[in-house]
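Before any comments, here is the structure.
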Amino acid sequence: MAVMATHVITGAGSGIGAAVARRLHARGDEIVLHARDAGRAKELAAGFPGARTLVGDLADPDKLSWAFSHQTLPDRIDSLLHIAGVVDLGGVGELTPKSWRHQLNVNLIAPAELTRHFLPQLRTARGHVIFVNSGAGLSASAGWSAYAASKHGLKALADSLRQEEHANGVRVTSVYPGRTASPMQAKVHQQEGKEYDPSKWIDPESVATTILTALDLPRDAEINDLTVRPGR
C-alpha cells in the first residue's frame with residue numbers, strides 16, 4: 001500500500017482489530033476507528049493518538065447511514081477492514097430470534113451496509129475490503145448455527161463483492177482464523193463451560209500479520225481466501 005494510506009477499521013477495541021490498528025498506526029498510516037458510541041470512540045482515540053473515529057451501532061445497521069451523515073467521513077479510503085463480530089452459542093432448539101438477529105446484524109448486515117456506504121471511495125482509491133470471517137464461515141458445528149450462518153453469509157457477501165468490483169480495481173479478501181486468543185474466545189469458552197487457556201490459541205498478532213500481508217500484496221495479485229489455523 002502507498003504511504004499514509006487510510007484504513008477504516010471495525011472491532012479495533014480488542015483482539016485482532018486492536019492488533020491490526022496498532023500495526024497500521026505504528027507504520028504511519030491513517031486509521032479511522034469505528035465505535036458503537038461516542039464514549040467508546042473517545043476511548044479508542046485516546047489509545048491511538050491522531051486517529052479519527054466513526055460512530056455507529058453495528059447492531060442497528062438500518063441507522064448507520066443516518067449516523068454517518070452527521071459525521072465528517074474520510075475523502076479517501078484505501079481499505080475497509082471488517083473485524084468486529086459477536087458470538088452467542090446455543091442449539092437451534094434454544095436460540096431466539098433476538099439472538100439470531102443480533103448476530104446477523106453485527107456479523108453480516110452491518111458489514112454489507114458499511115461496504116455499500118464506502119464503495120465510492122474504495123472504487124476511487126482502487127482499494128481493498130477485508131472480511132475477517134471465521135472457521136465457522138466454512139463449516140458449522142453443533143451449537144454454532146446462528147454464528148456460523150452469519151459467517152457463511154459473510155463469505156457469500158465477499159465472494160459476490162469480489163466479482164462485482166473486480167473491474168473497478170477493488171480487491172476483496174476473506175480471512176478465516178481458527179480460535180484466536182481474544183475476549184471473544186474467552187466468552188466462547190465460558191459459554192462452552194470450558195477453561196480458557198489463551199496460550200493454546202492463535203495470537204491476534206499472527207492474524208494481523210496475515211491481514212497486512214493481504215493488504216500489502218503488490219497490485220498484480222489478490223489473496224481471495226486465507227485460512228489461518230492454530231499452530232500449537
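Residue names in the C-alpha cells use chain letters A, B, ... in the order shown, residue numbers from 1 in each chain, and ligand numbers from 1 in the order shown.
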Quiz prompt | Backbone DSSP call of helix (DSSP H, G or I) for range 47-228 of chain A, listed as a VMD selection string | solution = chain A and resid 47 61 to 69 97 to 125 135 to 137 145 to 168 183 to 192 198 to 200 204 to 216
Quiz item: How would you write, as a PyMOL selection string, the set of residues in range 3-223 of chain A that DSSP gives as strand (DSSP E)?
Solution: chain A and resi 6-9+30-35+52-55+79-82+128-132+171-177
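Nearest residue to Asp60 in chain A among A:Ala110, A:Ile223, A:Ile83, A:Leu44 is A:Ala110, counting only C-alpha atoms.
Reported to one decimal place, the separation of CA of Ser206 in chain A from CA of Thr53 in chain A is 25.0 Å.
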Self-check item: Selected residue, from A:Ala38, A:Val132, A:Leu215, A:Ala142, that lies nearest to Ser174 in chain A when counting only C-alpha atoms
Solution: A:Val132
Quiz item: Can you tell me how far CA of Leu58 in chain A sits from CA of Val106 in chain A, in Å to one decimal?
Solution: 5.1 Å
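Ranking A:Glu192, A:Glu43, A:Asp220, A:Glu205 by their shortest atom-to-atom distance to Val20 in chain A, with only C-alpha atoms included, puts A:Glu205 first.
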